[in-house]
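I have placed the structure first, in the form of structure tokens, so that the comments after it can refer back to it.
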Amino acid sequence: MKFISEFRRSELAEGLISQIHRQSKTPARLMEFCGGHTVTIFRYGIRQVLPRTIDMVSGPGCPICVTANADLDKAIALSQIPGVIIATFGDMLKVPGSHSSLQKVKANGADVRTVYSTMDALKIAEADSSNSVVFLGIGFETTAPTIAASILQAQEKGLRNYYVLSLHKLCPPVIQAILDSGEVKLDGLICPGHVSAIIGSHPWEFIARDYGIPCVVSGFEPLDILQCVDMLVAQIENGESTVEIAYRRGVRPEGNQQALKLMEQVFEPCPARWRGMGEVPDSGLKLRQEYQRFDAELAFDITLSPAYEPAGCICGDILRGVKTPLDCQLFGKACTPQYPVGPCMVSSEGACSAYYLYGGDFGG
Amino acid sequence: MEDKILLAHGSGGKLAHELVEKSFVKAWANPLLAKLDDSAVFDLSGRLAFTTDSYVVSPIFFPGGDIGKLAVYGTVNDLAMAGAKPLYLSLSFIIEEGLPRAELDRIVESTRQAAQEAEVEIVTGDTKVVHRGSADKLFINTAGVGVIPEGVNISGSNARPGDKVILSGTIGDHGIAVLSQREGLSFSTRLESDCAPLGKLVAETLAASPNIHCLRDPTRGGLATSLNELARQSKVGIRIEEEKVPVREEVLAACEMLGFDPLYVANEGKLVAIVPAEDADKILGAMRANQYGKGAAIIGEVSGEHAGRVVMKTVLGASRIIDMLVGDLLPRIC
């Protein structure tokens, strides 16, 4: 089986699209939580082919976008300490903090390195014991287990110069915060695929049960999303609300037990700051006491000036699903992927970037 | 003989002469170079194409090629994209001190083979050695000249509404092959760079029809960027169909993993031709008969609407704008 082209076949897509058109009678607003889904939806023009009854809204599932400026400032401040090497995933480089970005401080001489995996950061630390490596732990439940594994390895190897700035975020608590705010009314949730590969589908059950919102876990190919929408529409039309998986090749209901164990061993939940949403209880991860010597925040002394949000940027509202990029005065004018003002225009998974690059509806 | 390149190899003294004669002149052996004058001197007549390029690829060896082969083919291809028959090249090597002599010799040998394959001569060159850290192993700067046959008029501004857009084969092979070898990127693939000389492909295609309007090799920035350049230069719209653009399954998989779009990934042996609709089948046939154009396909057409923009019909039948690449391709987080 070909795992990509098979999930992009147009004849299968046509069948699903016409089934959704036949089935969907009730107007429904569906949120795709994950930025990866936003990209697929725009890249393939999925909004254009769905019936008018279905309204799609993007959620806060872009790890870079939801990182608060105060936390970005911490990473930038750490990069200014002599002997500190910042290791990070590439997306982070361009994100503007309050006053600068990692890309800019790198150009000014800070040692900022892009890595493709957490283990590469560990290798840098091993090879260069005279400097300290700080890995920027940004991401959801998807990346946290590998970072936990890197900490355990660092401990095993006795590395004294490897640190993590843990800015991890957890998905179910933030969805709950969005639903509790009452700002957006949702009729269905497209649950994130990679996150669910780790946590399974059970953690979404409270949404179906307590909020009466149908939930379907989706993969990232166009056929995955169409199948997911089809399953959500079926639940909506039948007046049901359960959790289903439309991504069986990646997700089991119980998740990845080994990854979860690693995560729990090293991290514990803590309150976290989300851009646009403020502090959400139990939505972050911090290092457990026995691993605190790897915590970059405790190991280095940094002073921060108050965080500053760029005037006019509505990334926060967009992340809550309250507004769309088209509601932003800066969109496509003062804020473009070349000269981004807010993080949703920087990250390849940000809603603004998807709207900008893929042009919304065009001649469809 | 020293087994590493020293600063002294760039000093102009004895070591430098030894390097030039033993490594370069011997490999590139041709009468114009062998004179060792300050300039290569030759006659040419007709309309000339003249181009320059620099190569800084890392790593310098990658599956399917190396920096030397890339430099020769890249320069030859730029000439071919003007419809020219490539003739003479210059190659300047900027070497970081400490580069193993054996690696340099492998690369020079590779430029020799590439020049032979592309039927061009390297008639002048230069070497400089810089301090460790001032270059990344080896940079190569090139220039090339070629002659354009009578009756050929190819330019990025010649696309007309109704023209067909032909792509000579799969996209993204080079970018993914190089990336797979980068330090820190731990995925393995059997994929090789598509690095190839396109002079003969262009000559054979022109023999089938001299009416080709535009040619471009979608290198850095990928197919999306080349199509945007052509749409802007010609002030026309371009419509392509996602299903018709050939992409290997391995490239699709690597792109998914890294969060890239194959439309933006570099190629080194592919071209895009914009041709009059009535000649399209003839040209496609000629391309497919050449080893470097076997996978050629008509991927779209030029439109009088949405001037300066490229629009793609997705596999779902929806349409989206394809913009130029912004910044660098950076792998995503999750």
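Simple scheme: letters A, B, ... for chains in structure tokens order, numbers from 1 for residues in each chain, numbers from 1 for ligands in the order shown.
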Please provide as a PDB file with N, CA and C atoms, in the first residue's frame all residues within 7 Å of region 210-224 of chain A, with the sequence filter that same-chain residues fewer than 6 positions apart are discarded (counting only C-alpha atoms).
```pdb
ATOM      1  N   PHE A   7      -4.096   8.024  -0.519  1.00  0.00           N
ATOM      2  CA  PHE A   7      -5.011   8.859   0.263  1.00  0.00           C
ATOM      3  C   PHE A   7      -5.253  10.206  -0.409  1.00  0.00           C
ATOM      4  N   ARG A   8      -4.865  10.281  -1.708  1.00  0.00           N
ATOM      5  CA  ARG A   8      -5.115  11.515  -2.455  1.00  0.00           C
ATOM      6  C   ARG A   8      -5.856  11.205  -3.746  1.00  0.00           C
ATOM      7  N   ALA A  13     -12.192  10.618  -3.552  1.00  0.00           N
ATOM      8  CA  ALA A  13     -12.594  11.908  -2.982  1.00  0.00           C
ATOM      9  C   ALA A  13     -13.962  12.310  -3.522  1.00  0.00           C
ATOM     10  N   GLY A  36      -1.887  21.168  11.281  1.00  0.00           N
ATOM     11  CA  GLY A  36      -1.606  20.273  10.156  1.00  0.00           C
ATOM     12  C   GLY A  36      -2.876  20.051   9.339  1.00  0.00           C
ATOM     13  N   HIS A  37      -4.008  19.925  10.026  1.00  0.00           N
ATOM     14  CA  HIS A  37      -5.282  19.778   9.320  1.00  0.00           C
ATOM     15  C   HIS A  37      -5.641  21.058   8.565  1.00  0.00           C
ATOM     16  N   THR A  40      -3.821  20.993   5.298  1.00  0.00           N
ATOM     17  CA  THR A  40      -4.429  20.076   4.323  1.00  0.00           C
ATOM     18  C   THR A  40      -5.720  20.681   3.762  1.00  0.00           C
ATOM     19  N   TYR A  44      -5.664  21.570  -0.297  1.00  0.00           N
ATOM     20  CA  TYR A  44      -6.480  20.828  -1.265  1.00  0.00           C
ATOM     21  C   TYR A  44      -7.802  21.519  -1.554  1.00  0.00           C
ATOM     22  N   ASP A 187     -20.259  22.384  16.481  1.00  0.00           N
ATOM     23  CA  ASP A 187     -21.138  21.225  16.293  1.00  0.00           C
ATOM     24  C   ASP A 187     -20.351  19.950  16.041  1.00  0.00           C
ATOM     25  N   GLY A 188     -19.037  20.102  15.847  1.00  0.00           N
ATOM     26  CA  GLY A 188     -18.219  18.918  15.618  1.00  0.00           C
ATOM     27  C   GLY A 188     -16.755  19.277  15.748  1.00  0.00           C
ATOM     28  N   LEU A 189     -15.965  18.294  16.198  1.00  0.00           N
ATOM     29  CA  LEU A 189     -14.535  18.554  16.381  1.00  0.00           C
ATOM     30  C   LEU A 189     -13.716  17.544  15.580  1.00  0.00           C
ATOM     31  N   ILE A 190     -12.839  18.083  14.727  1.00  0.00           N
ATOM     32  CA  ILE A 190     -11.867  17.235  14.036  1.00  0.00           C
ATOM     33  C   ILE A 190     -10.669  17.138  14.964  1.00  0.00           C
ATOM     34  N   CYS A 191     -10.514  15.985  15.630  1.00  0.00           N
ATOM     35  CA  CYS A 191      -9.470  15.849  16.643  1.00  0.00           C
ATOM     36  C   CYS A 191      -8.116  15.579  15.986  1.00  0.00           C
ATOM     37  N   PRO A 192      -7.043  16.106  16.604  1.00  0.00           N
ATOM     38  CA  PRO A 192      -5.712  16.018  15.990  1.00  0.00           C
ATOM     39  C   PRO A 192      -5.219  14.569  15.863  1.00  0.00           C
ATOM     40  N   GLY A 193      -4.579  14.268  14.746  1.00  0.00           N
ATOM     41  CA  GLY A 193      -4.141  12.907  14.449  1.00  0.00           C
ATOM     42  C   GLY A 193      -2.866  12.515  15.165  1.00  0.00           C
ATOM     43  N   LEU A 232     -18.466  12.976  10.906  1.00  0.00           N
ATOM     44  CA  LEU A 232     -19.032  14.004  11.791  1.00  0.00           C
ATOM     45  C   LEU A 232     -20.444  14.361  11.352  1.00  0.00           C
ATOM     46  N   GLN A 235     -22.888  11.758  12.427  1.00  0.00           N
ATOM     47  CA  GLN A 235     -23.259  11.893  13.847  1.00  0.00           C
ATOM     48  C   GLN A 235     -24.224  13.055  14.049  1.00  0.00           C
ATOM     49  N   GLU A 240     -26.222  12.179  17.260  1.00  0.00           N
ATOM     50  CA  GLU A 240     -25.339  11.450  18.174  1.00  0.00           C
ATOM     51  C   GLU A 240     -24.138  12.305  18.551  1.00  0.00           C
ATOM     52  N   SER A 241     -23.471  11.932  19.624  1.00  0.00           N
ATOM     53  CA  SER A 241     -22.159  12.531  19.883  1.00  0.00           C
ATOM     54  C   SER A 241     -21.265  11.504  20.552  1.00  0.00           C
ATOM     55  N   THR A 242     -20.375  10.938  19.744  1.00  0.00           N
ATOM     56  CA  THR A 242     -19.413   9.973  20.271  1.00  0.00           C
ATOM     57  C   THR A 242     -18.035  10.323  19.724  1.00  0.00           C
ATOM     58  N   VAL A 243     -17.040   9.575  20.207  1.00  0.00           N
ATOM     59  CA  VAL A 243     -15.685   9.758  19.682  1.00  0.00           C
ATOM     60  C   VAL A 243     -15.396   8.612  18.718  1.00  0.00           C
ATOM     61  N   GLU A 244     -15.023   8.961  17.492  1.00  0.00           N
ATOM     62  CA  GLU A 244     -14.673   7.932  16.512  1.00  0.00           C
ATOM     63  C   GLU A 244     -13.276   8.217  15.971  1.00  0.00           C
ATOM     64  N   ILE A 245     -12.685   7.201  15.348  1.00  0.00           N
ATOM     65  CA  ILE A 245     -11.355   7.366  14.756  1.00  0.00           C
ATOM     66  C   ILE A 245     -11.454   7.158  13.244  1.00  0.00           C
ATOM     67  N   ALA A 246     -11.077   8.178  12.492  1.00  0.00           N
ATOM     68  CA  ALA A 246     -11.037   8.042  11.032  1.00  0.00           C
ATOM     69  C   ALA A 246      -9.585   7.882  10.584  1.00  0.00           C
ATOM     70  N   TYR A 247      -8.716   7.524  11.510  1.00  0.00           N
ATOM     71  CA  TYR A 247      -7.273   7.482  11.242  1.00  0.00           C
ATOM     72  C   TYR A 247      -6.736   6.225  11.893  1.00  0.00           C
TER      73      TYR A 247
END
```
Just list as a PyMOL selection string whatever in region 163-242 of chain A DSSP marks as alpha helix (DSSP H).
chain A and resi 171-181+193-199+205-210+222-237
Next item on the list: Go ahead and compute the interatomic distance for CA of Met56 (chain A) and CA of Cys344 (chain A), in Å to one decimal.
Entry: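 Going from CA of Met56 (chain A) over to CA of Cys344 (chain A) covers 17.3 Å.
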message: Which residues are close to Ser150 (chain A), i.e. within 9 Å by only C-alpha atoms, leaving aside same-chain residues fewer than 5 positions away? Reply as a list in words.
response: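 In the requested form, the answer reads Thr118, Met119, Ala121, Leu122, Pro145 and Gln155 of chain A.
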Keeping only C-alpha atoms, take the residues you just selected and write them out as a CSV table (one decimal), in the first residue's frame.
```
chain,number,residue,atom,x,y,z
A,118,THR,CA,15.6,16.1,20.0
A,119,MET,CA,18.3,13.4,19.9
A,121,ALA,CA,20.4,18.3,20.4
A,122,LEU,CA,21.7,15.7,22.8
A,145,PRO,CA,7.7,11.9,24.8
A,155,GLN,CA,20.8,11.4,32.8
```
Discussion item. Between CA of Ile321 (chain B) and CA of Asp78 (chain B), what is the distance in Å, rounded to a tenth?
Written reply: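 Result for CA of Ile321 (chain B) versus CA of Asp78 (chain B): 27.1 Å, one decimal.
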| field | Selection near Pro60 (chain A), 10 Å with only C-alpha atoms, sequence-local residues under 4 positions removed, as a PyMOL selection string | value | chain A and resi 31-35+64-66+171+174-175+178+274-277+315-321+344+350-351
Please identify all polymer residues within 7 Å of Thr111 (chain B), counting only C-alpha atoms, omitting same-chain residues fewer than 5 positions from it, and present them as a PyMOL selection string. chain B and resi 68-69+72
A straight line from CA of Ala107 (chain A) to CA of Thr225 (chain B) spans 25.9 Å
| said: Neighbouring residues of Asp3 (chain B) were defined as those with any atom within 12 Å, considering only C-alpha atoms; residues of the same chain fewer than 2 positions away were excluded. Please report them as a PyMOL selection string. | reply: chain B and resi 1+5-6+9+19+97-105
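Shortest separation to Tyr163 (chain A) among A:Ile147, A:Ala296, A:Ala87, A:Leu226 occurs at residue A:Ala296, atoms counted being only C-alpha atoms.
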Of B:Glu305, B:Glu150, B:Asp126, B:Glu204, the one sitting nearest chain A when using only C-alpha atoms is B:Glu305
